[in-house]
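Raw contents of upload18.cif, mmCIF, C-alpha atoms and all ligand atoms:
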```cif
data_target
#
loop_
_atom_site.group_PDB
_atom_site.id
_atom_site.type_symbol
_atom_site.label_atom_id
_atom_site.label_comp_id
_atom_site.auth_asym_id
_atom_site.auth_seq_id
_atom_site.Cartn_x
_atom_site.Cartn_y
_atom_site.Cartn_z
ATOM 1 C CA MET A 264 -2.930 8.246 -13.486
ATOM 2 C CA ILE A 265 -5.105 8.419 -10.398
ATOM 3 C CA PHE A 266 -4.410 5.993 -7.557
ATOM 4 C CA THR A 267 -7.323 5.642 -5.173
ATOM 5 C CA VAL A 268 -6.554 3.572 -2.076
ATOM 6 C CA LEU A 269 -9.219 2.115 0.211
ATOM 7 C CA THR A 270 -7.731 1.473 3.650
ATOM 8 C CA LEU A 271 -8.496 1.457 7.370
ATOM 9 C CA PHE A 272 -5.071 3.031 7.997
ATOM 10 C CA PRO A 273 -4.656 6.083 5.744
ATOM 11 C CA GLY A 274 -1.767 7.336 7.900
ATOM 12 C CA ILE A 275 0.476 4.576 6.506
ATOM 13 C CA PHE A 276 0.502 6.470 3.180
ATOM 14 C CA ASP A 277 1.506 9.843 4.670
ATOM 15 C CA SER A 278 5.246 9.843 4.230
ATOM 16 C CA PRO A 279 5.966 7.362 1.374
ATOM 17 C CA LEU A 280 3.979 9.479 -1.090
ATOM 18 C CA LYS A 281 5.697 12.694 -0.007
ATOM 19 C CA GLU A 282 9.263 11.726 -0.872
ATOM 20 C CA SER A 283 11.514 11.362 -3.885
ATOM 21 C CA ILE A 284 10.149 10.120 -7.215
ATOM 22 C CA LEU A 285 6.479 9.878 -6.162
ATOM 23 C CA LYS A 286 6.589 13.420 -4.775
ATOM 24 C CA LYS A 287 8.080 14.782 -8.019
ATOM 25 C CA ALA A 288 5.585 12.847 -10.155
ATOM 26 C CA GLN A 289 2.704 14.509 -8.268
ATOM 27 C CA GLU A 290 4.304 17.933 -8.685
ATOM 28 C CA LYS A 291 4.480 17.242 -12.432
ATOM 29 C CA ASN A 292 0.778 16.224 -12.372
ATOM 30 C CA LEU A 293 1.637 12.786 -13.768
ATOM 31 C CA ILE A 294 0.052 10.936 -10.845
ATOM 32 C CA SER A 295 -2.364 11.857 -8.073
ATOM 33 C CA PHE A 296 -3.547 10.103 -4.922
ATOM 34 C CA ASN A 297 -6.927 9.764 -3.344
ATOM 35 C CA ILE A 298 -6.471 8.002 0.012
ATOM 36 C CA VAL A 299 -9.868 6.954 1.351
ATOM 37 C CA ASN A 300 -10.587 5.817 4.914
ATOM 38 C CA ILE A 301 -13.005 2.882 4.645
ATOM 39 C CA ARG A 302 -14.267 3.732 8.150
ATOM 40 C CA ASP A 303 -15.844 6.922 6.762
ATOM 41 C CA PHE A 304 -18.251 4.640 4.849
ATOM 42 C CA ALA A 305 -19.388 2.470 7.752
ATOM 43 C CA THR A 306 -23.085 3.037 8.393
ATOM 44 C CA ASP A 307 -23.594 2.335 12.113
ATOM 45 C CA ALA A 308 -22.934 4.722 14.999
ATOM 46 C CA HIS A 309 -19.773 2.844 16.006
ATOM 47 C CA LYS A 310 -18.367 2.945 12.459
ATOM 48 C CA THR A 311 -17.910 -0.837 12.553
ATOM 49 C CA CYS A 312 -15.729 -2.206 9.755
ATOM 50 C CA ASP A 313 -15.131 -5.758 10.983
ATOM 51 C CA ASP A 314 -17.071 -8.601 12.549
ATOM 52 C CA THR A 315 -16.652 -12.218 13.691
ATOM 53 C CA PRO A 316 -16.562 -14.949 11.005
ATOM 54 C CA TYR A 317 -19.681 -16.989 10.208
ATOM 55 C CA GLY A 318 -19.033 -20.588 11.249
ATOM 56 C CA GLY A 319 -16.779 -19.484 14.102
ATOM 57 C CA GLY A 320 -13.015 -19.373 14.382
ATOM 58 C CA PRO A 321 -10.437 -16.844 15.487
ATOM 59 C CA GLY A 322 -10.006 -13.252 14.369
ATOM 60 C CA MET A 323 -12.164 -10.653 12.713
ATOM 61 C CA ILE A 324 -13.279 -10.320 9.095
ATOM 62 C CA MET A 325 -13.596 -6.988 7.308
ATOM 63 C CA LYS A 326 -17.210 -6.267 6.428
ATOM 64 C CA ILE A 327 -18.115 -5.792 2.770
ATOM 65 C CA GLU A 328 -20.659 -2.929 3.013
ATOM 66 C CA PRO A 329 -18.274 -0.124 4.062
ATOM 67 C CA ILE A 330 -15.936 -1.080 1.203
ATOM 68 C CA TYR A 331 -18.834 -1.267 -1.260
ATOM 69 C CA ASN A 332 -20.117 2.126 -0.096
ATOM 70 C CA ALA A 333 -16.640 3.598 -0.584
ATOM 71 C CA MET A 334 -16.568 2.125 -4.123
ATOM 72 C CA LEU A 335 -19.970 3.655 -4.949
ATOM 73 C CA ASN A 336 -18.736 7.005 -3.673
ATOM 74 C CA ILE A 337 -15.669 6.856 -5.941
ATOM 75 C CA GLU A 338 -17.897 6.056 -8.927
ATOM 76 C CA LYS A 339 -20.018 9.119 -8.110
ATOM 77 C CA ASN A 340 -16.938 11.329 -8.482
ATOM 78 C CA PHE A 341 -14.940 9.535 -11.197
ATOM 79 C CA ASP A 342 -15.438 7.063 -14.036
ATOM 80 C CA LYS A 343 -15.330 3.471 -12.761
ATOM 81 C CA PRO A 344 -11.704 2.706 -11.798
ATOM 82 C CA TYR A 345 -9.908 -0.600 -12.289
ATOM 83 C CA TYR A 346 -10.259 -2.381 -8.927
ATOM 84 C CA ILE A 347 -7.374 -4.360 -7.463
ATOM 85 C CA LEU A 348 -7.595 -6.290 -4.209
ATOM 86 C CA LEU A 349 -4.299 -6.802 -2.376
ATOM 87 C CA THR A 350 -4.326 -10.286 -0.888
ATOM 88 C CA PRO A 351 -1.806 -13.097 -0.304
ATOM 89 C CA GLN A 352 -4.239 -15.263 -2.323
ATOM 90 C CA GLY A 353 -3.800 -13.154 -5.467
ATOM 91 C CA LYS A 354 -1.637 -13.657 -8.539
ATOM 92 C CA ILE A 355 2.018 -12.819 -7.849
ATOM 93 C CA PHE A 356 2.877 -9.300 -9.002
ATOM 94 C CA SER A 357 5.595 -8.913 -11.646
ATOM 95 C CA GLN A 358 7.278 -6.164 -13.643
ATOM 96 C CA LYS A 359 5.060 -7.212 -16.575
ATOM 97 C CA ASP A 360 1.942 -6.476 -14.485
ATOM 98 C CA ALA A 361 3.408 -3.100 -13.519
ATOM 99 C CA ARG A 362 3.838 -2.198 -17.188
ATOM 100 C CA ARG A 363 0.328 -3.411 -18.072
ATOM 101 C CA LEU A 364 -1.342 -1.571 -15.180
ATOM 102 C CA SER A 365 0.563 1.666 -15.907
ATOM 103 C CA LYS A 366 -1.681 2.035 -19.010
ATOM 104 C CA LYS A 367 -4.847 2.388 -16.879
ATOM 105 C CA THR A 368 -6.127 5.867 -16.064
ATOM 106 C CA HIS A 369 -7.442 5.131 -12.579
ATOM 107 C CA LEU A 370 -6.513 2.259 -10.271
ATOM 108 C CA CYS A 371 -8.343 1.619 -7.027
ATOM 109 C CA LEU A 372 -6.259 -0.455 -4.601
ATOM 110 C CA ILE A 373 -8.225 -2.158 -1.838
ATOM 111 C CA CYS A 374 -6.254 -3.005 1.298
ATOM 112 C CA GLY A 375 -7.429 -5.812 3.566
ATOM 113 C CA ARG A 376 -6.528 -6.136 7.257
ATOM 114 C CA TYR A 377 -7.093 -8.637 10.039
ATOM 115 C CA GLU A 378 -7.880 -12.207 8.939
ATOM 116 C CA GLY A 379 -9.189 -11.005 5.576
ATOM 117 C CA ILE A 380 -12.200 -9.488 3.873
ATOM 118 C CA ASP A 381 -15.623 -11.084 3.364
ATOM 119 C CA GLU A 382 -15.050 -13.377 0.352
ATOM 120 C CA ARG A 383 -17.813 -11.646 -1.632
ATOM 121 C CA ILE A 384 -15.371 -8.779 -2.265
ATOM 122 C CA THR A 385 -13.793 -10.990 -4.957
ATOM 123 C CA ASN A 386 -16.934 -10.487 -7.105
ATOM 124 C CA LEU A 387 -16.535 -6.700 -6.963
ATOM 125 C CA VAL A 388 -12.899 -6.411 -8.081
ATOM 126 C CA ASP A 389 -11.201 -6.763 -11.471
ATOM 127 C CA GLU A 390 -8.079 -8.477 -10.181
ATOM 128 C CA GLU A 391 -6.487 -9.912 -7.012
ATOM 129 C CA ILE A 392 -2.752 -9.359 -6.527
ATOM 130 C CA SER A 393 -0.175 -10.677 -4.047
ATOM 131 C CA ILE A 394 3.318 -9.190 -3.816
ATOM 132 C CA GLY A 395 4.898 -12.479 -2.741
ATOM 133 C CA ASP A 396 4.517 -15.713 -0.818
ATOM 134 C CA TYR A 397 4.553 -14.205 2.663
ATOM 135 C CA VAL A 398 1.847 -12.649 4.800
ATOM 136 C CA LEU A 399 1.920 -8.981 5.792
ATOM 137 C CA SER A 400 -0.335 -7.408 8.413
ATOM 138 C CA GLY A 401 -2.386 -5.804 5.673
ATOM 139 C CA GLY A 402 -2.544 -4.701 2.062
ATOM 140 C CA GLU A 403 -1.144 -1.200 2.681
ATOM 141 C CA ILE A 404 2.540 -1.992 2.130
ATOM 142 C CA PRO A 405 1.695 -4.158 -0.927
ATOM 143 C CA ALA A 406 -0.366 -1.212 -2.277
ATOM 144 C CA LEU A 407 2.690 1.039 -1.879
ATOM 145 C CA VAL A 408 4.793 -1.541 -3.715
ATOM 146 C CA LEU A 409 2.332 -1.440 -6.643
ATOM 147 C CA ILE A 410 2.136 2.374 -6.610
ATOM 148 C CA ASP A 411 5.912 2.741 -6.720
ATOM 149 C CA THR A 412 6.496 0.079 -9.363
ATOM 150 C CA ILE A 413 3.616 1.131 -11.632
ATOM 151 C CA SER A 414 4.480 4.851 -11.407
ATOM 152 C CA ARG A 415 7.979 4.157 -12.717
ATOM 153 C CA HIS A 416 6.401 3.015 -16.003
ATOM 154 C CA ILE A 417 4.428 6.217 -16.538
ATOM 155 C CA PRO A 418 6.176 8.387 -19.141
ATOM 156 C CA GLY A 419 7.928 11.368 -17.523
ATOM 157 C CA VAL A 420 7.969 9.957 -13.979
ATOM 158 C CA LEU A 421 11.622 8.929 -14.273
ATOM 159 C CA GLY A 422 14.207 11.347 -15.613
ATOM 160 C CA SER A 423 16.112 10.132 -18.661
ATOM 161 C CA LYS A 424 19.083 9.262 -16.463
ATOM 162 C CA ASP A 425 17.263 6.531 -14.580
ATOM 163 C CA SER A 426 14.812 5.683 -17.327
ATOM 164 C CA ILE A 427 12.963 2.423 -17.048
ATOM 165 C CA THR A 428 14.336 0.776 -20.219
ATOM 166 C CA ASN A 429 17.759 0.234 -18.661
ATOM 167 C CA GLU A 430 16.530 -1.777 -15.733
ATOM 168 C CA SER A 431 13.243 -3.150 -16.982
ATOM 169 C CA LEU A 432 12.880 -6.880 -16.904
ATOM 170 C CA GLU A 433 11.977 -6.685 -20.621
ATOM 171 C CA GLU A 434 15.235 -8.509 -20.653
ATOM 172 C CA PRO A 435 15.178 -10.854 -17.709
ATOM 173 C CA LEU A 436 18.778 -10.108 -16.683
ATOM 174 C CA LEU A 437 20.038 -8.810 -13.350
ATOM 175 C CA GLU A 438 21.938 -5.531 -13.367
ATOM 176 C CA TYR A 439 25.720 -5.528 -13.835
ATOM 177 C CA PRO A 440 27.859 -4.452 -10.820
ATOM 178 C CA GLN A 441 28.393 -0.703 -10.367
ATOM 179 C CA TYR A 442 31.113 1.174 -8.481
ATOM 180 C CA THR A 443 31.959 4.730 -7.566
ATOM 181 C CA ARG A 444 34.849 6.467 -5.756
ATOM 182 C CA PRO A 445 37.083 5.553 -3.962
ATOM 183 C CA GLU A 446 39.021 3.262 -6.276
ATOM 184 C CA VAL A 447 40.251 1.159 -3.326
ATOM 185 C CA PHE A 448 38.136 0.532 -0.229
ATOM 186 C CA MET A 449 39.484 -1.784 2.519
ATOM 187 C CA ASP A 450 41.695 -3.571 -0.038
ATOM 188 C CA MET A 451 38.742 -4.049 -2.384
ATOM 189 C CA THR A 452 39.438 -2.634 -5.821
ATOM 190 C CA VAL A 453 37.265 -1.520 -8.732
ATOM 191 C CA PRO A 454 37.558 -3.778 -11.828
ATOM 192 C CA LYS A 455 40.337 -2.337 -14.009
ATOM 193 C CA VAL A 456 38.287 -2.306 -17.203
ATOM 194 C CA LEU A 457 35.945 0.319 -15.710
ATOM 195 C CA LEU A 458 38.895 2.694 -15.295
ATOM 196 C CA SER A 459 40.183 2.077 -18.831
ATOM 197 C CA GLY A 460 37.995 4.570 -20.680
ATOM 198 C CA ASN A 461 37.485 1.917 -23.393
ATOM 199 C CA HIS A 462 33.721 2.108 -23.932
ATOM 200 C CA GLU A 463 33.439 -1.028 -26.053
ATOM 201 C CA GLU A 464 35.371 -3.119 -23.517
ATOM 202 C CA ILE A 465 33.244 -1.674 -20.698
ATOM 203 C CA ARG A 466 30.052 -2.496 -22.591
ATOM 204 C CA LYS A 467 31.168 -6.107 -23.153
ATOM 205 C CA TRP A 468 32.309 -6.523 -19.532
ATOM 206 C CA ARG A 469 28.984 -5.222 -18.219
ATOM 207 C CA ARG A 470 26.979 -7.459 -20.513
ATOM 208 C CA LYS A 471 28.945 -10.527 -19.488
ATOM 209 C CA GLU A 472 28.743 -9.684 -15.759
ATOM 210 C CA SER A 473 25.009 -9.175 -16.094
ATOM 211 C CA ILE A 474 24.611 -12.633 -17.634
ATOM 212 C CA LYS A 475 27.009 -14.174 -15.090
ATOM 213 C CA LYS A 476 25.088 -12.701 -12.135
ATOM 214 C CA THR A 477 21.813 -13.987 -13.560
ATOM 215 C CA ILE A 478 23.178 -17.511 -14.109
ATOM 216 C CA MET A 479 24.606 -17.633 -10.564
ATOM 217 C CA ARG A 480 21.733 -16.016 -8.637
ATOM 218 C CA ARG A 481 18.577 -16.419 -10.705
ATOM 219 C CA PRO A 482 19.051 -19.317 -13.125
ATOM 220 C CA ASP A 483 15.235 -19.457 -13.437
ATOM 221 C CA LEU A 484 15.330 -16.136 -15.322
ATOM 222 C CA MET A 485 17.584 -17.622 -18.017
ATOM 223 C CA GLU A 486 14.648 -19.671 -19.330
ATOM 224 C CA SER A 487 13.026 -16.575 -20.824
ATOM 225 C CA PHE A 488 16.310 -15.019 -21.975
ATOM 226 C CA ASN A 489 16.895 -14.720 -25.722
ATOM 227 C CA PRO A 490 20.682 -14.518 -26.128
ATOM 228 C CA THR A 491 22.311 -12.787 -29.090
ATOM 229 C CA ARG A 492 25.337 -14.442 -30.735
ATOM 230 C CA GLU A 493 27.579 -12.313 -28.561
ATOM 231 C CA ASP A 494 25.609 -13.370 -25.455
ATOM 232 C CA GLN A 495 26.007 -17.026 -26.448
ATOM 233 C CA PHE A 496 29.742 -16.500 -26.586
ATOM 234 C CA PHE A 497 29.683 -14.919 -23.108
ATOM 235 C CA ILE A 498 27.572 -17.790 -21.748
ATOM 236 C CA LYS A 499 30.113 -20.294 -23.098
ATOM 237 C CA GLU A 500 32.974 -18.347 -21.464
ATOM 238 C CA ILE A 501 31.089 -18.092 -18.161
ATOM 239 C CA MET A 502 30.374 -21.842 -18.135
ATOM 240 C CA GLU A 503 34.043 -22.584 -18.806
ATOM 241 C CA GLU A 504 35.119 -20.209 -16.019
ATOM 242 C CA LEU A 505 32.652 -21.784 -13.602
ATOM 243 C CA THR A 506 33.860 -25.331 -14.287
ATOM 244 C CA GLU A 507 37.552 -24.436 -14.068
HETATM 245 N N1 LIG B 601 -1.831 -8.782 2.413
HETATM 246 C C1 LIG B 601 -1.149 -9.533 3.297
HETATM 247 N N2 LIG B 601 -0.114 -10.147 2.716
HETATM 248 C C2 LIG B 601 -0.116 -9.772 1.402
HETATM 249 C C3 LIG B 601 0.693 -10.074 0.285
HETATM 250 N N3 LIG B 601 1.744 -10.892 0.367
HETATM 251 N N4 LIG B 601 0.383 -9.507 -0.902
HETATM 252 C C4 LIG B 601 -0.686 -8.696 -1.008
HETATM 253 N N5 LIG B 601 -1.497 -8.380 0.006
HETATM 254 C C5 LIG B 601 -1.219 -8.908 1.211
#
```
Could you rewrite the structure in this file as structure tokens?
Amino acid sequence: MIFTVLTLFPGIFDSPLKESILKKAQEKNLISFNIVNIRDFATDAHKTCDDTPYGGGPGMIMKIEPIYNAMLNIEKNFDKPYYILLTPQGKIFSQKDARRLSKKTHLCLICGRYEGIDERITNLVDEEISIGDYVLSGGEIPALVLIDTISRHIPGVLGSKDSITNESLEEPLLEYPQYTRPEVFMDMTVPKVLLSGNHEEIRKWRRKESIKKTIMRRPDLMESFNPTREDQFFIKEIMEELTE
């Protein structure tokens, strides 16, 4: 998978792509990055990339031509990528989108800054994505969120020990609680069952805790949960415990 990023601040991508899982994935040639400075595609002597809004009002708007020129340049060197605009006006990004987008061969993430980009950009992209109902200073951090999340779905990026299936929201449940040494920390103990060595009991405890956590913290996720018979039994127990 190739990730091309169009940005006015390429430096933001320097360190996040050089650490941990994304670093290893590049070493394994599973992903590669092409970070493009939009300013390199401005046509005037001052390399202008923004201008005042038509109709007046505060702030500056990113001009469309430098971005369009950058897109044409990409298409000279590669097949046409799948274009995504990062914007708070886009569709909210989910784990499902990450899985879907991980099947593409080349994504081009376009990062806006300032008060936004000339609206005509929306006709040049395949999709507009927001990472949540809050406004960041630009699309760079959202682009990193997409890169990280999508990369985790590419076969081979995660080792088998932290493979995606375990934590994927295929099943919309939150993770069960995990502990490691020491057994007692400031009077707080590790649940006994986890020390028992009884794998079946541990499996059942984890499943029930996972369901319990989801009911307590994200009841909205339960709507798309398909419980097994065993899960239904756990749900009944949890409800009884909660009303005790
Ligand atoms: N740019 C600014 N805020 C954003 C958000 N929440 N998602 C995507 N791009 C953004």
Can you tell me, as number ranges by chain, what residues are no more than 7 Å from Thr477 in chain A when counting only C-alpha atoms, ignoring any on the same chain fewer than 4 positions away?
A: 436-437, 473, 481-482
Store the residues picked out above, limited to C-alpha atoms, as a compact mmCIF listing (two decimals), in the coordinates of the input.
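What ended up in selection_10.txt:
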```txt
# COMPACT_ATOMS: atom_id res chain seq x y z
CA LEU A 436 18.78 -10.11 -16.68
CA LEU A 437 20.04 -8.81 -13.35
CA SER A 473 25.01 -9.18 -16.09
CA ARG A 481 18.58 -16.42 -10.70
CA PRO A 482 19.05 -19.32 -13.12
```
Matched chain/residue IDs from the PyMOL selection byres (((chain A and resi 305-322) around 10) and not hetatm), as a PyMOL selection string
chain A and resi 271+300-304+323-333+376-381
Export of the given selection (C-alpha atoms) as a PDB file, in the coordinates of the input:
```pdb
ATOM      1  CA  LEU A 271      -8.496   1.457   7.370  1.00  0.00           C
ATOM      2  CA  ASN A 300     -10.587   5.817   4.914  1.00  0.00           C
ATOM      3  CA  ILE A 301     -13.005   2.882   4.645  1.00  0.00           C
ATOM      4  CA  ARG A 302     -14.267   3.732   8.150  1.00  0.00           C
ATOM      5  CA  ASP A 303     -15.844   6.922   6.762  1.00  0.00           C
ATOM      6  CA  PHE A 304     -18.251   4.640   4.849  1.00  0.00           C
ATOM      7  CA  MET A 323     -12.164 -10.653  12.713  1.00  0.00           C
ATOM      8  CA  ILE A 324     -13.279 -10.320   9.095  1.00  0.00           C
ATOM      9  CA  MET A 325     -13.596  -6.988   7.308  1.00  0.00           C
ATOM     10  CA  LYS A 326     -17.210  -6.267   6.428  1.00  0.00           C
ATOM     11  CA  ILE A 327     -18.115  -5.792   2.770  1.00  0.00           C
ATOM     12  CA  GLU A 328     -20.659  -2.929   3.013  1.00  0.00           C
ATOM     13  CA  PRO A 329     -18.274  -0.124   4.062  1.00  0.00           C
ATOM     14  CA  ILE A 330     -15.936  -1.080   1.203  1.00  0.00           C
ATOM     15  CA  TYR A 331     -18.834  -1.267  -1.260  1.00  0.00           C
ATOM     16  CA  ASN A 332     -20.117   2.126  -0.096  1.00  0.00           C
ATOM     17  CA  ALA A 333     -16.640   3.598  -0.584  1.00  0.00           C
ATOM     18  CA  ARG A 376      -6.528  -6.136   7.257  1.00  0.00           C
ATOM     19  CA  TYR A 377      -7.093  -8.637  10.039  1.00  0.00           C
ATOM     20  CA  GLU A 378      -7.880 -12.207   8.939  1.00  0.00           C
ATOM     21  CA  GLY A 379      -9.189 -11.005   5.576  1.00  0.00           C
ATOM     22  CA  ILE A 380     -12.200  -9.488   3.873  1.00  0.00           C
ATOM     23  CA  ASP A 381     -15.623 -11.084   3.364  1.00  0.00           C
TER      24      ASP A 381
END
```
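By chain and then residue number, the residues within 10 Å of His369 in chain A are A:Met264, A:Ile265, A:Phe266, A:Thr267, A:Ile294, A:Ser295, A:Phe296, A:Phe341, A:Asp342, A:Lys343, A:Pro344, A:Tyr345, A:Tyr346, A:Leu364, A:Ser365, counting all atoms listed in the file and disregarding those fewer than 4 positions away in sequence.
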Between CA of Ile413 in chain A and CA of Ser393 in chain A, what is the spacing in Å?
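That distance, rounded to one decimal, is 14.5 Å.
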Using all atoms listed in the file, find each residue with an atom at most 12 Å away from ligand LIG 601 (chain B) and format the answer as a PDB file with C-alpha atoms, keeping the file's coordinate frame.
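out.pdb, freshly written:
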```pdb
ATOM      1  CA  THR A 270      -7.731   1.473   3.650  1.00  0.00           C
ATOM      2  CA  ILE A 347      -7.374  -4.360  -7.463  1.00  0.00           C
ATOM      3  CA  LEU A 348      -7.595  -6.290  -4.209  1.00  0.00           C
ATOM      4  CA  LEU A 349      -4.299  -6.802  -2.376  1.00  0.00           C
ATOM      5  CA  THR A 350      -4.326 -10.286  -0.888  1.00  0.00           C
ATOM      6  CA  PRO A 351      -1.806 -13.097  -0.304  1.00  0.00           C
ATOM      7  CA  GLN A 352      -4.239 -15.263  -2.323  1.00  0.00           C
ATOM      8  CA  GLY A 353      -3.800 -13.154  -5.467  1.00  0.00           C
ATOM      9  CA  LYS A 354      -1.637 -13.657  -8.539  1.00  0.00           C
ATOM     10  CA  ILE A 355       2.018 -12.819  -7.849  1.00  0.00           C
ATOM     11  CA  PHE A 356       2.877  -9.300  -9.002  1.00  0.00           C
ATOM     12  CA  SER A 357       5.595  -8.913 -11.646  1.00  0.00           C
ATOM     13  CA  LEU A 372      -6.259  -0.455  -4.601  1.00  0.00           C
ATOM     14  CA  ILE A 373      -8.225  -2.158  -1.838  1.00  0.00           C
ATOM     15  CA  CYS A 374      -6.254  -3.005   1.298  1.00  0.00           C
ATOM     16  CA  GLY A 375      -7.429  -5.812   3.566  1.00  0.00           C
ATOM     17  CA  ARG A 376      -6.528  -6.136   7.257  1.00  0.00           C
ATOM     18  CA  TYR A 377      -7.093  -8.637  10.039  1.00  0.00           C
ATOM     19  CA  GLU A 378      -7.880 -12.207   8.939  1.00  0.00           C
ATOM     20  CA  GLY A 379      -9.189 -11.005   5.576  1.00  0.00           C
ATOM     21  CA  ILE A 380     -12.200  -9.488   3.873  1.00  0.00           C
ATOM     22  CA  GLU A 390      -8.079  -8.477 -10.181  1.00  0.00           C
ATOM     23  CA  GLU A 391      -6.487  -9.912  -7.012  1.00  0.00           C
ATOM     24  CA  ILE A 392      -2.752  -9.359  -6.527  1.00  0.00           C
ATOM     25  CA  SER A 393      -0.175 -10.677  -4.047  1.00  0.00           C
ATOM     26  CA  ILE A 394       3.318  -9.190  -3.816  1.00  0.00           C
ATOM     27  CA  GLY A 395       4.898 -12.479  -2.741  1.00  0.00           C
ATOM     28  CA  ASP A 396       4.517 -15.713  -0.818  1.00  0.00           C
ATOM     29  CA  TYR A 397       4.553 -14.205   2.663  1.00  0.00           C
ATOM     30  CA  VAL A 398       1.847 -12.649   4.800  1.00  0.00           C
ATOM     31  CA  LEU A 399       1.920  -8.981   5.792  1.00  0.00           C
ATOM     32  CA  SER A 400      -0.335  -7.408   8.413  1.00  0.00           C
ATOM     33  CA  GLY A 401      -2.386  -5.804   5.673  1.00  0.00           C
ATOM     34  CA  GLY A 402      -2.544  -4.701   2.062  1.00  0.00           C
ATOM     35  CA  GLU A 403      -1.144  -1.200   2.681  1.00  0.00           C
ATOM     36  CA  ILE A 404       2.540  -1.992   2.130  1.00  0.00           C
ATOM     37  CA  PRO A 405       1.695  -4.158  -0.927  1.00  0.00           C
ATOM     38  CA  ALA A 406      -0.366  -1.212  -2.277  1.00  0.00           C
ATOM     39  CA  LEU A 407       2.690   1.039  -1.879  1.00  0.00           C
ATOM     40  CA  VAL A 408       4.793  -1.541  -3.715  1.00  0.00           C
ATOM     41  CA  LEU A 409       2.332  -1.440  -6.643  1.00  0.00           C
TER      42      LEU A 409
END
```
Ranking A:Cys371, A:Met479, A:Leu484, A:Leu335 by minimum distance to Ile501 in chain A and counting only C-alpha atoms, which one comes first?
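Closest candidate: A:Met479.
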Determine the residue membership of the PyMOL selection byres (((chain A and resi 453-457) around 12) and not hetatm) for the file above and supply it as an MDAnalysis selection string.
chainID A and resid 439:452 458:469 472
I'd like the contact shell of Thr491 in chain A - 12 Å cut-off, only C-alpha atoms, skipping same-chain residues fewer than 2 positions apart - returned as a list in words.
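Near Thr491 in chain A, the qualifying residues are Glu434, Arg470, Lys471, Ile474, Phe488, Asn489, Glu493, Asp494, Gln495, Phe496, Phe497 and Ile498 of chain A.
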If you apply the PyMOL selection byres (((chain A and resi 283-285) around 8) and not hetatm) to this file, what residues do you get, as an NGL selection string?
:A and (279-282 or 286-289 or 411 or 414 or 420-421)
May I ask for the distance between CA of Leu293 in chain A and CA of Arg363 in chain A, given in Å to one decimal place?
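Separation between CA of Leu293 in chain A and CA of Arg363 in chain A: 16.8 Å.
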Padding 4 Å on every side, please: axis-aligned box over the listed atoms of range 309-312 of chain A, centre and edge lengths to one decimal in Å, as lines of an AutoDock Vina configuration file.
```
center_x = -17.8
center_y = 0.4
center_z = 12.9
size_x = 12.0
size_y = 13.2
size_z = 14.3
```
State, in Å with one decimal place, the distance from CA of Ile384 in chain A to CA of Thr412 in chain A.
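So the answer is 24.6 Å.
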Out of A:Glu486, A:Val299, A:Glu382, A:Pro435, which residue has the shortest atom-to-atom distance to Asn336 in chain A when counting all atoms listed in the file?
A:Val299
Choose the residue, out of A:Ser278, A:Glu438, A:Glu504, A:Asp389, that has the smallest atom-to-atom separation from Arg480 in chain A; count only C-alpha atoms.
A:Glu438
Proximity to Leu505 in chain A - best of A:Lys359, A:Arg383, A:Lys476, A:Arg415, only C-alpha atoms:
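When distances to Leu505 in chain A are compared using only C-alpha atoms, the smallest one comes from A:Lys476.
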